[in-house]
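Listing of work-v6.txt; format and content: compact mmCIF, C-alpha atoms and all ligand atoms.
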# COMPACT_ATOMS: atom_id res chain seq x y z
CA MET A 181 33.15 66.97 -33.91
CA LYS A 182 33.88 68.36 -30.47
CA ILE A 183 37.27 68.02 -28.79
CA THR A 184 37.77 68.59 -25.05
CA GLN A 185 41.22 68.53 -23.46
CA ASN A 186 41.88 67.12 -19.97
CA ALA A 187 38.25 66.02 -19.56
CA SER A 188 36.75 64.50 -16.44
CA LEU A 189 35.31 61.01 -16.96
CA LEU A 190 33.08 61.16 -13.89
CA SER A 191 29.88 61.49 -15.89
CA PHE A 192 31.06 58.93 -18.46
CA ASN A 193 31.22 55.87 -16.21
CA THR A 194 28.37 54.51 -14.14
CA PHE A 195 30.80 53.30 -11.46
CA GLY A 196 31.32 56.96 -10.62
CA ILE A 197 35.12 56.76 -10.76
CA ASN A 198 36.74 60.20 -10.85
CA ALA A 199 39.29 59.58 -13.62
CA ARG A 200 40.39 61.96 -16.40
CA THR A 201 41.39 61.64 -20.05
CA ASP A 202 43.88 63.72 -22.04
CA TYR A 203 41.31 64.22 -24.83
CA TYR A 204 37.59 63.51 -25.18
CA ILE A 205 36.15 63.68 -28.71
CA GLU A 206 32.49 63.46 -29.73
CA TYR A 207 31.32 62.90 -33.31
CA ASP A 208 27.77 62.92 -34.66
CA SER A 209 27.80 60.85 -37.87
CA SER A 210 29.66 58.05 -39.58
CA SER A 211 31.42 60.53 -41.90
CA ASP A 212 32.32 62.78 -38.95
CA LEU A 213 33.90 59.72 -37.32
CA GLN A 214 35.87 59.02 -40.51
CA THR A 215 37.28 62.56 -40.26
CA VAL A 216 38.07 62.14 -36.56
CA LEU A 217 39.97 58.92 -37.22
CA GLN A 218 42.24 60.73 -39.67
CA LEU A 219 43.30 63.40 -37.14
CA GLU A 220 46.97 63.23 -36.19
CA LEU A 221 45.89 63.59 -32.55
CA VAL A 222 43.88 60.39 -32.81
CA LYS A 223 46.38 58.48 -34.95
CA SER A 224 49.32 59.21 -32.67
CA ASN A 225 47.67 58.56 -29.30
CA LYS A 226 46.22 55.58 -27.50
CA MET A 227 42.52 55.52 -28.30
CA LEU A 228 39.48 54.16 -26.49
CA HIS A 229 35.89 54.28 -27.67
CA ILE A 230 33.19 54.37 -25.02
CA GLY A 231 29.40 54.20 -24.93
CA SER A 232 27.76 55.46 -21.76
CA GLY A 233 30.42 53.81 -19.61
CA SER A 234 28.02 51.34 -18.02
CA ASN A 235 30.32 48.37 -18.46
CA LEU A 236 33.77 49.70 -17.73
CA LEU A 237 35.98 50.46 -14.80
CA PHE A 238 38.74 53.08 -14.95
CA LEU A 239 41.73 51.97 -12.88
CA THR A 240 43.72 55.16 -13.56
CA ASP A 241 43.52 58.34 -15.65
CA PHE A 242 43.42 57.60 -19.37
CA LYS A 243 46.52 58.76 -21.24
CA GLY A 244 45.18 59.26 -24.72
CA VAL A 245 41.98 60.00 -26.63
CA ILE A 246 38.50 58.81 -25.69
CA LEU A 247 35.90 58.83 -28.47
CA HIS A 248 32.15 58.94 -28.02
CA SER A 249 29.34 58.90 -30.57
CA THR A 250 26.37 61.24 -30.44
CA ILE A 251 24.62 59.53 -33.40
CA GLN A 252 21.00 59.67 -32.27
CA SER A 253 18.88 58.69 -35.28
CA ILE A 254 16.16 56.01 -35.35
CA GLU A 255 14.95 55.29 -38.88
CA ILE A 256 12.52 52.77 -40.36
CA VAL A 257 14.43 51.41 -43.33
CA LYS A 258 11.89 48.84 -44.52
CA GLU A 259 8.81 46.96 -43.41
CA ASP A 260 6.50 44.17 -44.49
CA ASP A 261 3.36 42.59 -43.02
CA LEU A 262 5.28 40.84 -40.24
CA HIS A 263 8.36 42.93 -39.52
CA VAL A 264 9.73 46.41 -39.23
CA TYR A 265 13.45 47.09 -39.78
CA LEU A 266 14.88 49.94 -37.75
CA GLU A 267 18.33 51.46 -38.10
CA VAL A 268 19.33 52.88 -34.74
CA GLY A 269 22.26 55.23 -34.13
CA SER A 270 25.01 54.00 -31.81
CA SER A 271 24.40 56.71 -29.24
CA VAL A 272 20.68 56.15 -28.77
CA VAL A 273 20.18 55.23 -25.11
CA TRP A 274 19.26 51.56 -25.17
CA ASP A 275 16.22 51.85 -22.95
CA ASP A 276 14.88 54.86 -24.90
CA PHE A 277 14.92 52.59 -27.95
CA VAL A 278 13.12 49.82 -26.03
CA ALA A 279 10.48 52.31 -24.83
CA TYR A 280 10.00 53.51 -28.43
CA THR A 281 9.45 49.94 -29.71
CA VAL A 282 6.93 49.22 -26.96
CA LYS A 283 5.05 52.44 -27.72
CA ASN A 284 4.79 51.34 -31.36
CA SER A 285 3.74 47.77 -30.35
CA TRP A 286 6.77 46.16 -31.97
CA GLY A 287 8.09 43.05 -30.23
CA GLY A 288 11.65 41.76 -29.84
CA VAL A 289 13.47 43.83 -27.23
CA VAL A 290 10.97 44.37 -24.41
CA ASN A 291 12.72 41.77 -22.18
CA LEU A 292 15.81 43.97 -22.41
CA SER A 293 14.03 46.91 -20.77
CA LEU A 294 16.08 49.15 -18.47
CA ILE A 295 19.46 47.67 -19.38
CA PRO A 296 21.85 50.60 -19.07
CA GLY A 297 24.05 51.71 -21.94
CA GLU A 298 23.78 52.78 -25.54
CA THR A 299 22.76 50.92 -28.68
CA GLY A 300 26.24 50.64 -30.20
CA ALA A 301 27.59 48.94 -27.09
CA SER A 302 24.59 46.59 -26.95
CA ALA A 303 25.80 45.04 -30.21
CA VAL A 304 29.35 44.60 -28.91
CA GLN A 305 28.35 43.11 -25.59
CA ASN A 306 25.34 41.11 -26.84
CA ILE A 307 23.32 42.33 -23.88
CA GLY A 308 20.81 39.86 -22.53
CA ALA A 309 18.16 39.45 -19.87
CA TYR A 310 15.07 37.36 -19.10
CA GLY A 311 15.63 34.79 -21.85
CA VAL A 312 16.41 37.24 -24.68
CA GLU A 313 19.70 38.38 -26.17
CA VAL A 314 20.02 41.37 -28.46
CA CYS A 315 21.58 39.17 -31.18
CA ASP A 316 18.11 37.58 -31.58
CA VAL A 317 16.93 40.79 -33.32
CA ILE A 318 20.10 42.21 -34.88
CA VAL A 319 20.18 41.97 -38.69
CA GLU A 320 23.43 43.82 -39.28
CA VAL A 321 25.86 46.25 -37.72
CA LYS A 322 27.34 49.28 -39.51
CA THR A 323 30.91 50.16 -38.56
CA VAL A 324 33.95 52.22 -39.43
CA ASP A 325 37.38 50.56 -39.61
CA ILE A 326 39.68 52.42 -37.18
CA GLU A 327 42.82 51.85 -39.23
CA THR A 328 41.51 52.66 -42.74
CA SER A 329 38.44 54.85 -41.87
CA GLN A 330 36.44 52.76 -44.38
CA THR A 331 32.85 51.75 -43.56
CA ARG A 332 31.99 48.08 -43.25
CA ILE A 333 28.72 46.26 -42.59
CA PHE A 334 28.74 43.05 -40.52
CA SER A 335 25.88 40.58 -40.89
CA ASN A 336 24.54 38.99 -37.72
CA ILE A 337 26.47 35.77 -38.50
CA GLU A 338 29.70 37.70 -39.05
CA CYS A 339 29.33 39.23 -35.56
CA LYS A 340 29.86 35.70 -34.07
CA TYR A 341 27.49 36.29 -31.18
CA GLY A 342 27.68 34.22 -27.99
CA TYR A 343 26.77 34.74 -24.33
CA ARG A 344 27.82 38.38 -23.65
CA ASP A 345 30.24 37.92 -26.53
CA SER A 346 30.91 38.98 -30.12
CA ILE A 347 33.69 39.31 -32.66
CA PHE A 348 34.10 42.93 -31.46
CA LYS A 349 35.28 41.64 -28.06
CA ASN A 350 37.66 39.09 -29.57
CA GLU A 351 39.53 38.99 -32.88
CA LEU A 352 38.28 42.45 -33.95
CA LYS A 353 38.63 44.11 -30.54
CA GLY A 354 39.71 47.74 -31.01
CA LYS A 355 39.50 47.46 -34.82
CA TYR A 356 35.99 48.72 -35.68
CA ILE A 357 33.62 51.33 -34.25
CA ILE A 358 29.90 50.65 -34.51
CA THR A 359 27.92 53.61 -35.87
CA SER A 360 24.43 52.06 -36.14
CA VAL A 361 22.60 48.78 -35.71
CA LEU A 362 19.81 47.37 -37.90
CA PHE A 363 17.11 45.56 -35.91
CA ARG A 364 14.23 43.41 -37.11
CA LEU A 365 11.18 43.69 -34.85
CA ASP A 366 7.87 41.81 -34.91
CA LYS A 367 4.59 43.51 -35.71
CA ASN A 368 2.75 40.55 -34.11
CA PRO A 369 4.98 39.94 -31.13
CA ALA A 370 5.41 36.49 -29.64
CA PHE A 371 6.09 36.99 -25.93
CA LYS A 372 9.06 35.23 -24.32
CA LEU A 373 8.18 34.64 -20.68
CA ILE A 374 9.92 31.37 -19.86
CA TYR A 375 12.55 32.94 -17.54
CA GLN A 376 11.97 31.77 -13.97
CA HIS A 377 8.62 33.20 -12.70
CA LEU A 378 8.40 36.00 -15.26
CA GLU A 379 4.99 35.01 -16.66
CA ALA A 380 3.40 34.86 -13.19
CA GLU A 381 4.91 38.26 -12.35
CA VAL A 382 3.56 39.77 -15.57
CA LEU A 383 0.07 38.42 -14.88
CA LYS A 384 0.09 40.22 -11.51
CA ASN A 385 0.31 43.47 -13.50
CA GLY A 386 -2.56 42.68 -15.90
CA GLU A 387 -2.96 40.92 -19.24
CA ILE A 388 0.12 39.88 -21.17
CA ASN A 389 1.17 42.57 -23.61
CA LEU A 390 4.33 44.59 -24.31
CA GLN A 391 3.40 47.32 -21.80
CA THR A 392 2.82 44.94 -18.88
CA ILE A 393 5.97 42.95 -19.70
CA ARG A 394 7.99 46.18 -19.77
CA LYS A 395 6.50 47.36 -16.48
CA THR A 396 7.17 43.98 -14.84
CA ILE A 397 10.78 43.81 -15.99
CA ILE A 398 11.42 47.39 -14.88
CA ASP A 399 9.94 46.55 -11.46
CA ILE A 400 12.08 43.41 -11.11
CA ARG A 401 15.27 45.19 -12.14
CA GLU A 402 14.60 48.19 -9.90
CA SER A 403 13.96 45.90 -6.93
CA LYS A 404 17.28 44.04 -7.36
CA LEU A 405 19.72 46.34 -9.13
CA PRO A 406 21.05 49.58 -7.67
CA ASP A 407 20.38 52.80 -9.61
CA PRO A 408 23.80 53.95 -10.90
CA LYS A 409 22.70 57.58 -10.52
CA ILE A 410 22.59 56.95 -6.77
CA THR A 411 25.06 54.11 -6.18
CA GLY A 412 27.87 53.65 -8.71
CA ASN A 413 27.84 50.21 -10.35
CA ALA A 414 28.07 48.53 -13.74
CA GLY A 415 25.30 45.92 -13.47
CA SER A 416 26.54 42.34 -13.33
CA PHE A 417 30.23 42.55 -12.52
CA PHE A 418 30.94 38.94 -13.53
CA MET A 419 29.61 36.66 -16.23
CA ASN A 420 27.64 33.60 -15.21
CA PRO A 421 30.22 30.80 -15.56
CA ILE A 422 29.65 27.91 -17.94
CA ILE A 423 31.01 24.63 -16.54
CA SER A 424 31.14 21.03 -17.74
CA LYS A 425 28.26 18.70 -16.93
CA ASN A 426 30.65 16.51 -14.92
CA HIS A 427 31.80 19.42 -12.79
CA PHE A 428 28.18 20.45 -12.32
CA LYS A 429 27.16 16.93 -11.18
CA LEU A 430 29.89 16.91 -8.53
CA LEU A 431 28.74 20.30 -7.24
CA GLN A 432 25.09 19.21 -7.27
CA GLU A 433 25.90 16.23 -5.01
CA LYS A 434 27.32 18.66 -2.46
CA TYR A 435 24.83 21.51 -3.06
CA PRO A 436 21.52 19.90 -4.15
CA LEU A 437 19.85 23.33 -4.53
CA ILE A 438 22.46 24.80 -6.88
CA PRO A 439 20.59 26.77 -9.57
CA HIS A 440 21.63 26.11 -13.17
CA TYR A 441 20.64 26.77 -16.76
CA PHE A 442 20.96 24.26 -19.58
CA VAL A 443 23.59 25.29 -22.15
CA SER A 444 24.25 22.09 -24.11
CA ASP A 445 24.47 18.33 -23.55
CA THR A 446 27.93 18.83 -22.08
CA GLU A 447 27.64 22.19 -20.29
CA GLU A 448 25.59 24.06 -17.66
CA LYS A 449 25.57 27.76 -16.71
CA ILE A 450 25.57 28.65 -13.00
CA PRO A 451 24.35 32.04 -11.68
CA ALA A 452 27.48 33.75 -10.35
CA GLY A 453 25.25 35.67 -7.90
CA TRP A 454 24.41 32.38 -6.18
CA LEU A 455 28.07 31.32 -5.95
CA ILE A 456 29.03 34.71 -4.49
CA GLU A 457 26.18 34.63 -1.98
CA GLN A 458 27.12 31.08 -0.89
CA CYS A 459 30.64 32.30 -0.13
CA GLY A 460 29.19 34.91 2.21
CA TRP A 461 29.95 38.01 0.15
CA LYS A 462 26.45 39.44 -0.24
CA GLY A 463 26.28 42.87 1.44
CA LYS A 464 29.99 42.73 2.44
CA ARG A 465 32.31 45.70 1.92
CA ILE A 466 36.05 46.27 1.69
CA GLY A 467 36.89 49.95 1.95
CA ASN A 468 34.56 51.89 -0.31
CA ALA A 469 33.69 48.94 -2.55
CA GLY A 470 30.86 46.57 -1.68
CA VAL A 471 28.73 43.65 -2.84
CA HIS A 472 25.15 44.76 -3.43
CA GLU A 473 22.87 43.43 -0.71
CA LYS A 474 20.03 42.46 -3.09
CA GLN A 475 22.02 40.95 -5.97
CA ALA A 476 25.45 39.55 -5.20
CA LEU A 477 26.54 39.75 -8.83
CA VAL A 478 26.71 43.53 -8.62
CA ILE A 479 29.70 45.35 -7.11
CA VAL A 480 28.91 48.85 -5.91
CA ASN A 481 30.89 52.03 -5.27
CA LEU A 482 29.79 52.96 -1.76
CA GLY A 483 31.24 56.45 -2.16
CA GLY A 484 34.58 57.63 -3.50
CA ALA A 485 35.90 54.15 -4.34
CA THR A 486 38.90 54.01 -6.65
CA GLY A 487 39.07 51.57 -9.54
CA ALA A 488 41.79 49.71 -7.65
CA GLU A 489 39.51 49.22 -4.62
CA ILE A 490 36.78 47.77 -6.81
CA VAL A 491 39.25 45.40 -8.49
CA TYR A 492 40.67 44.33 -5.12
CA LEU A 493 37.20 43.31 -3.93
CA ALA A 494 36.51 41.55 -7.26
CA GLU A 495 39.77 39.58 -6.91
CA GLN A 496 38.95 38.51 -3.36
CA ILE A 497 35.58 37.25 -4.58
CA GLN A 498 37.16 35.42 -7.53
CA ALA A 499 39.68 33.74 -5.22
CA SER A 500 37.01 32.55 -2.83
CA ILE A 501 34.78 31.15 -5.63
CA LYS A 502 37.80 29.35 -7.10
CA GLU A 503 38.65 27.83 -3.73
CA THR A 504 35.10 26.79 -2.80
CA PHE A 505 33.69 25.66 -6.14
CA GLY A 506 36.72 25.27 -8.41
CA ILE A 507 35.14 27.81 -10.76
CA VAL A 508 36.94 30.77 -12.34
CA LEU A 509 34.68 33.83 -12.47
CA LYS A 510 35.33 36.09 -15.45
CA ALA A 511 34.67 39.83 -15.14
CA GLU A 512 31.95 41.11 -17.47
CA VAL A 513 33.12 44.65 -16.79
CA ASN A 514 36.10 45.91 -18.84
CA TYR A 515 39.08 47.17 -16.85
CA ILE A 516 40.66 50.25 -18.43
N1 LIG B 601 21.12 34.39 -7.07
C1 LIG B 601 21.42 34.24 -5.75
N2 LIG B 601 21.87 35.31 -5.05
C2 LIG B 601 22.04 36.50 -5.61
C3 LIG B 601 21.72 36.67 -6.96
C4 LIG B 601 21.28 35.61 -7.69
O1 LIG B 601 21.28 33.15 -5.19
O2 LIG B 601 22.45 37.43 -4.89
C5 LIG B 601 20.63 33.23 -7.86
C6 LIG B 601 19.18 32.92 -7.65
O3 LIG B 601 19.03 31.54 -7.70
C7 LIG B 601 18.50 33.49 -8.88
C8 LIG B 601 19.57 33.25 -9.93
O4 LIG B 601 20.81 33.46 -9.22
O5 LIG B 601 17.35 32.81 -9.15
C9 LIG B 601 19.52 34.21 -11.09
O6 LIG B 601 19.49 35.55 -10.62
P1 LIG B 601 18.93 36.72 -11.54
O7 LIG B 601 17.59 36.36 -12.09
O8 LIG B 601 19.03 37.99 -10.79
O9 LIG B 601 19.90 36.70 -12.79
P2 LIG B 601 21.48 36.58 -12.90
O10 LIG B 601 21.81 35.29 -13.57
O11 LIG B 601 22.14 36.87 -11.60
C10 LIG B 601 21.55 37.54 -15.32
C11 LIG B 601 22.23 38.65 -16.06
C12 LIG B 601 21.59 39.99 -15.72
C13 LIG B 601 20.13 39.91 -16.12
C14 LIG B 601 19.47 38.75 -15.34
C15 LIG B 601 18.04 38.53 -15.76
C16 LIG B 601 24.52 37.93 -16.40
C17 LIG B 601 25.96 38.14 -16.05
N3 LIG B 601 23.65 38.69 -15.75
O12 LIG B 601 21.80 37.76 -13.93
O13 LIG B 601 22.22 40.97 -16.53
O14 LIG B 601 19.45 41.12 -15.82
O15 LIG B 601 20.18 37.52 -15.64
O16 LIG B 601 17.99 37.90 -16.99
O17 LIG B 601 24.22 37.10 -17.26
C18 LIG B 601 23.97 42.59 -16.60
O18 LIG B 601 24.50 41.91 -17.49
O19 LIG B 601 24.47 43.67 -16.21
C19 LIG B 601 22.74 42.12 -15.97
C20 LIG B 601 22.19 42.76 -14.94
Show this structure as structure tokens.
Amino acid sequence: MKITQNASLLSFNTFGINARTDYYIEYDSSSDLQTVLQLELVKSNKMLHIGSGSNLLFLTDFKGVILHSTIQSIEIVKEDDLHVYLEVGSSVVWDDFVAYTVKNSWGGVVNLSLIPGETGASAVQNIGAYGVEVCDVIVEVKTVDIETSQTRIFSNIECKYGYRDSIFKNELKGKYIITSVLFRLDKNPAFKLIYQHLEAEVLKNGEINLQTIRKTIIDIRESKLPDPKITGNAGSFFMNPIISKNHFKLLQEKYPLIPHYFVSDTEEKIPAGWLIEQCGWKGKRIGNAGVHEKQALVIVNLGGATGAEIVYLAEQIQASIKETFGIVLKAEVNYI
């Protein structure tokens, strides 16, 4: 384990907020984490566990201990004719893992190419893009209980996955730390290209295979989403709201072109980016916080923004969406 006192968090959040923490502790294995959790320093202070900080926003300095995994292993734990089962350490950069699966011609996560963050966080957040969610390929999640330091394995079902949601964001929030994730990948991949015009875009790059799908998705993301190394951001700032069919029908009468995705017989999901653009926010700025000009769902740090400035802009957007569409936008980003 490595303990740093009064550490800067600048390189640990993709929003580029210059906050500090009293203590920053890194551990490199599940047993190392068990030792860390028994330290008096950790037991007696407020504690926060972070991945690569691509989905959080620091509003002030953190008074307490921030933990981070450096568990980097990728291990084939079993395979059969159809599948390979890979156990991936929580700190493996998500897109490095995707690149590795594509190189080995294993299908399952290619649509999730270039999503920022680390593997442990992917299983908390149930990351998703282009018609695929990570819960589609998760078999189980290995964790350590923060209170007792005991290990526990959660099956996919036990994780209670939903849209950008899991048990680790709800009833077990702050109770377990994920140390590795077991994925099941396909040796004969079936490609999922139903999202919007994805198939046509892939065909422009050549025949349909994992490499061309990965290239296409990287191109699409790079054309719409700002690179956090250049412009601080945390990807989609809000979740796409799910509304009742009745509410949707009323909106559709007024806005015939409103985009929507089927959720169930009683619900529809609306792209928040569309709602925000309709309210005139795309490309707008307040102080040092702005709405990305190519994808209105992304709030950007235009240079030196504080967490409070970002939240102020987010709240203005939420108020205007509520007023215009009667829809409450929920932040996908965690405020700390
Ligand atoms: N749209 C607009 N204006 C905008 C942005 C979007 O009108 O400025 C409308 C368009 O109709 C577009 C539709 O929204 O066709 C959907 O846009 P896009 O394909 O960019 O996807 P999204 O719904 O805005 C979601 C995820 C993204 C993911 C993409 C692709 C959420 C909160 N976001 O965005 O995830 O990459 O789909 O699957 O579900 C993330 O979570 O950080 C993230 C980037």
Please write out, as AutoDock Vina command-line options, where the centre of an axis-aligned box around all listed atoms of ligand LIG 601 (chain B) lies and how long its edges are, in Å to one decimal, after adding 5 Å on each side.
--center_x 21.7 --center_y 37.6 --center_z -11.2 --size_x 18.6 --size_y 22.1 --size_z 22.6
Enumerate, in order of chain and increasing residue number, the residues of chain A with an atom no farther than 8 Å from ligand LIG 601 (chain B), each with its shortest atom pair and distance in Å to one decimal, counting only C-alpha atoms and all ligand atoms, as JSON lines.
{"residue": "A:Asn235", "atom": "CA", "partner": "B:LIG601", "partner_atom": "O19", "distance": 7.8}
{"residue": "A:Ile295", "atom": "CA", "partner": "B:LIG601", "partner_atom": "O19", "distance": 7.2}
{"residue": "A:Pro296", "atom": "CA", "partner": "B:LIG601", "partner_atom": "O19", "distance": 7.9}
{"residue": "A:Ile307", "atom": "CA", "partner": "B:LIG601", "partner_atom": "O18", "distance": 6.5}
{"residue": "A:Gly308", "atom": "CA", "partner": "B:LIG601", "partner_atom": "O13", "distance": 6.3}
{"residue": "A:Ala309", "atom": "CA", "partner": "B:LIG601", "partner_atom": "O16", "distance": 3.3}
{"residue": "A:Tyr310", "atom": "CA", "partner": "B:LIG601", "partner_atom": "O16", "distance": 3.6}
{"residue": "A:Gly311", "atom": "CA", "partner": "B:LIG601", "partner_atom": "O16", "distance": 6.2}
{"residue": "A:Val312", "atom": "CA", "partner": "B:LIG601", "partner_atom": "O16", "distance": 7.9}
{"residue": "A:Tyr343", "atom": "CA", "partner": "B:LIG601", "partner_atom": "O17", "distance": 7.9}
{"residue": "A:Arg344", "atom": "CA", "partner": "B:LIG601", "partner_atom": "O17", "distance": 7.4}
{"residue": "A:Tyr375", "atom": "CA", "partner": "B:LIG601", "partner_atom": "O16", "distance": 7.4}
{"residue": "A:Gln376", "atom": "CA", "partner": "B:LIG601", "partner_atom": "O5", "distance": 7.3}
{"residue": "A:Arg401", "atom": "CA", "partner": "B:LIG601", "partner_atom": "O14", "distance": 6.9}
{"residue": "A:Lys404", "atom": "CA", "partner": "B:LIG601", "partner_atom": "O8", "distance": 7.2}
{"residue": "A:Leu405", "atom": "CA", "partner": "B:LIG601", "partner_atom": "C20", "distance": 7.3}
{"residue": "A:Ala414", "atom": "CA", "partner": "B:LIG601", "partner_atom": "O19", "distance": 6.5}
{"residue": "A:Gly415", "atom": "CA", "partner": "B:LIG601", "partner_atom": "O19", "distance": 3.6}
{"residue": "A:Ser416", "atom": "CA", "partner": "B:LIG601", "partner_atom": "O19", "distance": 3.8}
{"residue": "A:Phe417", "atom": "CA", "partner": "B:LIG601", "partner_atom": "O19", "distance": 6.9}
{"residue": "A:Phe418", "atom": "CA", "partner": "B:LIG601", "partner_atom": "C17", "distance": 5.6}
{"residue": "A:Met419", "atom": "CA", "partner": "B:LIG601", "partner_atom": "C17", "distance": 3.9}
{"residue": "A:Asn420", "atom": "CA", "partner": "B:LIG601", "partner_atom": "C17", "distance": 4.9}
{"residue": "A:Ile438", "atom": "CA", "partner": "B:LIG601", "partner_atom": "O3", "distance": 7.6}
{"residue": "A:Pro439", "atom": "CA", "partner": "B:LIG601", "partner_atom": "O3", "distance": 5.4}
{"residue": "A:Ile450", "atom": "CA", "partner": "B:LIG601", "partner_atom": "O10", "distance": 7.7}
{"residue": "A:Pro451", "atom": "CA", "partner": "B:LIG601", "partner_atom": "O10", "distance": 4.5}
{"residue": "A:Ala452", "atom": "CA", "partner": "B:LIG601", "partner_atom": "O11", "distance": 6.3}
{"residue": "A:Gly453", "atom": "CA", "partner": "B:LIG601", "partner_atom": "C3", "distance": 3.8}
{"residue": "A:Trp454", "atom": "CA", "partner": "B:LIG601", "partner_atom": "O1", "distance": 3.4}
{"residue": "A:Leu455", "atom": "CA", "partner": "B:LIG601", "partner_atom": "O1", "distance": 7.1}
{"residue": "A:Ile456", "atom": "CA", "partner": "B:LIG601", "partner_atom": "O2", "distance": 7.1}
{"residue": "A:Glu457", "atom": "CA", "partner": "B:LIG601", "partner_atom": "N2", "distance": 5.3}
{"residue": "A:Gln458", "atom": "CA", "partner": "B:LIG601", "partner_atom": "O1", "distance": 7.5}
{"residue": "A:Lys462", "atom": "CA", "partner": "B:LIG601", "partner_atom": "O2", "distance": 6.5}
{"residue": "A:His472", "atom": "CA", "partner": "B:LIG601", "partner_atom": "O2", "distance": 7.9}
{"residue": "A:Glu473", "atom": "CA", "partner": "B:LIG601", "partner_atom": "O2", "distance": 7.3}
{"residue": "A:Lys474", "atom": "CA", "partner": "B:LIG601", "partner_atom": "O2", "distance": 5.9}
{"residue": "A:Gln475", "atom": "CA", "partner": "B:LIG601", "partner_atom": "O2", "distance": 3.7}
{"residue": "A:Ala476", "atom": "CA", "partner": "B:LIG601", "partner_atom": "O2", "distance": 3.7}
{"residue": "A:Leu477", "atom": "CA", "partner": "B:LIG601", "partner_atom": "O11", "distance": 5.9}
{"residue": "A:Val478", "atom": "CA", "partner": "B:LIG601", "partner_atom": "C20", "distance": 7.8}
{"residue": "A:Glu512", "atom": "CA", "partner": "B:LIG601", "partner_atom": "C17", "distance": 6.8}
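Residue neighbourhood of Asn514 of chain A, excluding near-sequence residues (fewer than 3 positions): Asn235, Leu236, Leu237 and Ala511 of chain A, at 8 Å, using all atoms listed in the file.
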Which one is closest to Ala279 of chain A: A:Thr194, A:Ser188, A:Gln391, A:Ser234? Count all atoms listed in the file. A:Gln391
One number please: atom CA of Val278 of chain A to atom CA of Ser232 of chain A, in Å, one decimal.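 Atom-to-atom, atom CA of Val278 of chain A and atom CA of Ser232 of chain A are spaced 16.3 Å apart.
Closest approach to Ile497 of chain A among A:Ile466, A:Ile326, A:Leu378, A:Leu190 is made by A:Ile466 (distances from all atoms listed in the file).
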